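Below is one structure, written out as structure tokens; comments come after it.
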Amino acid sequence: MPTTENDNPSGSIPLALQSLFYKLQYNDTSVATKELTKSFGWDAYDSFMQHDVQELNRVLSEKLEDKMKGTVVEGTIQQLFEGHQMNYIECINVDYKSTRKESFYDLQLDVKGCRDIYASFDKYVEVERLEGDNKYHAEQYGLQDAKKGVLFIDFPPVLQLQLKRFEYDFMRDTMVKINDRYEFPLQLDLDRENGKYLSPDADRSVRNLYTLHSVLVHSGGVHGGHYYAYIRPTLSDQWFKFDDERVTKEDMKRALEEQYGGEEELPQTNPGFNNAPFKFTKYSNAYMLVYIREIDKEKIICNVDEKDIAEHLRIRLKKEQEEKEQKRKEKAEAHLYTIIKVARNEDLLEQIGKNIYFDLVDHDKVHSFRIQKQMPFNLFKEEVAKEFGIPVQFQRFWLWAKRQNHTYRPNRPLTPLEEAQSVGQLREVSNKSNNAELKLFLEIELGQVFLFEIRYVGRLFVKGSGKPVELFAKLNEMAGFSPDEKIELFEEIKFEPNIMCEHIDEKATFRVSQLEDGDIICYQKSPQAGSSEQFRYPDVPSFLDYVRNRQVVRFRSLDKPKEDEFCLELSKFHTYDDVVERVAQHLGLDDPTKIRLTSHNCYSQQPKPQPIKFRGVEHLSDMLVHYNQTTDVLYYEVLDIPLPELQGLKTLKVAFHHATKDEVVVHTIRLPKQSSVGDVIDDLKTKVELSHPDAELRLLEVFYHKIYKIFPPNEKIENINDQYWTLRAEEIPEEEKNFGPHDRLIHVYHFMKDTAQNQVQNFGEPFFLVIREDETLAEVKVRVQKKLQVPDEEYSKWKFAFLSMGRPEYLQDDDIVASRFQRRDVYGAWEQYLGLEHTDHAPKRSHTTNQNRHTFEKPVKIYN
């Protein structure tokens, strides 16, 4: 695939794959996949989400196929993986045959009930008889007995087989894993028995003999597990097991026989006793198989030399390899080197009051020198001179000491004797005489009504016996204050776990105030007595307390939960009201109570399902905590009514089904919690289009395509939960209003039969139907067809059955329907219904594998 030197692997799937395969071929160690998953547009949550590997394979192939369009490799995916099959229906008694050609990139083979691959292929092409009530409607010939089946037109060079190890168990209402023993051969002959899998149109000159290339294994159960693969890259006898970063050589038995699944028998510990052998189920078994056609293997399993790789790729990837090797070498030699971090006055000026407050400098943001420990310190000074342009004779170096409050402060300057030593011999020494000069670092606090800042103004050398008051003129000059300005001084002491910033007595000596080298003094103008100015943070300690607890919060609209919309700087101690007020100000909203906030789930990277209630938390810090994780994300939404008022209301989503139009519109109903269902219906009447002005509505509870309840008008809505079932509103038909004494109102549901599981599966929209006392099925069918507007051709294939507790009894046209609904031995009315058996024509998901998706998985999506 063409790529360019300007492409970024993290944003280009082709380049990320090329990089991955290059490293697999030329690296001595395992290769990380982070670059590849980043090229998919995945974040950490996507990468660690459980996905179906076959579905990822399909989605990735489609994405590559799309990216190959218009390039020299267009069509490669089809050439490698695409095969074709013919679906046919052939009448037995008349000369009529219907065929449809379909392509496939992989085949899904049944495991349950099949001992091996050949049994699965036999089942795949098994002929189904369409006869009796299931006759086929042939053009010009009407209903006919017919045969229905599938045959293959051609197979692809690379045959990908997914073994259906996961299926839905209707009895247990859950997905289960099939761990039955299932064999697959090293050589697969799809021409066996005179090509019984091939259609008459297949090219019989192509030999469909395949050899096994790889076995993908799933280890675990339906709710989680682990994938690993056995691969023989050159189709030799040597297999390799790829298990994450661990790659080992394996023999053929482990790659084949031990992946068949089934049960394994433990050897007896006491062979002399007549003990029954202990067997256990093997939960590691083959999930996908890849076979390569023998006649195509030379062009598929071919050598890839460096000359086959684009030059810009070779240069880029070799450079990456060299950088990685250099880092490895540096790591191996790390004990010979040391890192010296040099903080200059410029760093203090640049950082203090911007990104550093409770210290002098962020040592991670100053210049670092990697120096050999044996280098004389005087030579190091020459390195500094080259880097900063400061002559050696103007350099003076101070050692920094770590204090008990976890800050680093300048401790003392290096002596000439120490500077003559090697870098590795330097030691921090903290002996000072009481008469030594102190080096104090000064910050000033500048304040307005709501805006404050800390600014670094410089450093002073003072005598331990001196007093702060003696420096006021100098301090005012440094800050740009008037010479006689009254000021107050504070010493920064610590900021963890709480701020400690103490007032300094201006008349006490520095020694008495226990000030040392490197201490930080903040000073400000003294507050004027009786001043009308109101300061949110009137002094240095209160402002630093704000800085310590401020939090930049990323706000996202609940409608776009992946996108940061704006950021606000808040305090962790801001109350609920403070936060919504600031959000409302930013959005230009007059009423902060119309803001509703939702916290962030750090593990799913999604909004929590329940929003924050009005004043439901005390402080911002409570909003940003999820279990033991802290986040900086909040979601917001703007309501059309104040949140306290909304919380007093019940919100219901009601799907209104129009009486004559084939449309469903979902309406949001908000009413006081003490309202009744009758109030919901009255509100709906103002929002929906009725078939006539006097139409009456009712509210139903629908779950799994069955009607479980008709809500009485006087029922309170407070306890109605529409999160788990659907609330459906519909007009009451006129026939139900003219209900006769011998008429019956029955439930009518659509269903299909799962022949493998012998279970009934409901689908579609359920409805009520009035049946008369002596009405036959033939008469009922006419009314049902008119109600559902089903064409004759399709309706002729429908079957009608009376169902009780999921067991169908098929009805004939002359059966009296009402007679079947006299029974009272069922739990609820929804378990006794008239069933309409037919094919579900509702749109399906694009990939068949999605039907087998585990309930906890989300669909695989590649974004780039």
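Residue numbering restarts at 1 in every chain; chains get A, B, ... in the order shown in the structure tokens, and ligands count up from 1 in that same order.
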
At a cut-off of 10 Å, using only C-alpha atoms, what residues contact Val53 (chain A)? Leave out same-chain residues fewer than 6 positions from it and give the result as a PyMOL selection string. chain A and resi 59+162+216+218+227+287-288+849+860

Per residue of region 287-400 of chain A within 10 Å of region 231-253 of chain A, which atom pair is closest and at what distance in Å (one decimal), using only C-alpha atoms, listed by chain and increasing number, as CSV?
```
residue,atom,partner,partner_atom,distance
A:Val290,CA,A:Ile231,CA,9.3
A:Ile292,CA,A:Leu235,CA,9.1
A:Lys297,CA,A:Leu235,CA,8.7
A:Glu298,CA,A:Thr234,CA,9.7
A:Ile300,CA,A:Thr234,CA,9.8
A:Ile301,CA,A:Thr234,CA,6.2
A:Cys302,CA,A:Thr234,CA,8.1
A:Asn303,CA,A:Thr234,CA,9.2
```

Generate the output file for the selected residues, N, CA, C and O atoms, as a compact mmCIF listing (two decimals), in the first residue's frame.
```
# COMPACT_ATOMS: atom_id res chain seq x y z
N VAL A 290 -7.41 -20.40 9.65
CA VAL A 290 -7.03 -19.83 8.36
C VAL A 290 -6.34 -20.90 7.54
O VAL A 290 -5.33 -21.47 7.97
N ILE A 292 -4.78 -21.94 3.59
CA ILE A 292 -4.25 -21.37 2.35
C ILE A 292 -4.30 -22.45 1.27
O ILE A 292 -3.87 -23.58 1.51
N LYS A 297 -0.07 -21.00 -2.58
CA LYS A 297 0.76 -20.70 -1.42
C LYS A 297 2.09 -20.05 -1.80
O LYS A 297 2.63 -19.27 -1.01
N GLU A 298 2.63 -20.33 -2.98
CA GLU A 298 3.93 -19.75 -3.36
C GLU A 298 3.86 -18.23 -3.46
O GLU A 298 4.81 -17.53 -3.12
N ILE A 300 1.52 -16.38 -1.93
CA ILE A 300 1.02 -15.79 -0.68
C ILE A 300 2.07 -15.89 0.42
O ILE A 300 2.37 -14.92 1.10
N ILE A 301 2.65 -17.08 0.58
CA ILE A 301 3.70 -17.27 1.59
C ILE A 301 5.05 -17.07 0.89
O ILE A 301 5.78 -18.02 0.64
N CYS A 302 5.36 -15.84 0.55
CA CYS A 302 6.61 -15.56 -0.16
C CYS A 302 7.51 -14.71 0.73
O CYS A 302 7.05 -14.07 1.67
N ASN A 303 8.79 -14.72 0.43
CA ASN A 303 9.75 -13.92 1.19
C ASN A 303 9.55 -12.44 0.93
O ASN A 303 9.26 -12.02 -0.19
```

In Å, with one decimal, what is the gap from CA of Ala334 (chain A) to CA of Lys365 (chain A)?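 About the pair CA of Ala334 (chain A) and CA of Lys365 (chain A): they are 21.2 Å apart.
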
Between CA of Asp640 (chain A) and CA of Arg728 (chain A), what is the spacing in Å?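 Separating CA of Arg728 (chain A) from CA of Asp640 (chain A) is a distance of 24.7 Å.
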
Please compute the CA of Pro527 (chain A)-CA of Ala473 (chain A) distance, one decimal, in Å. 18.1 Å
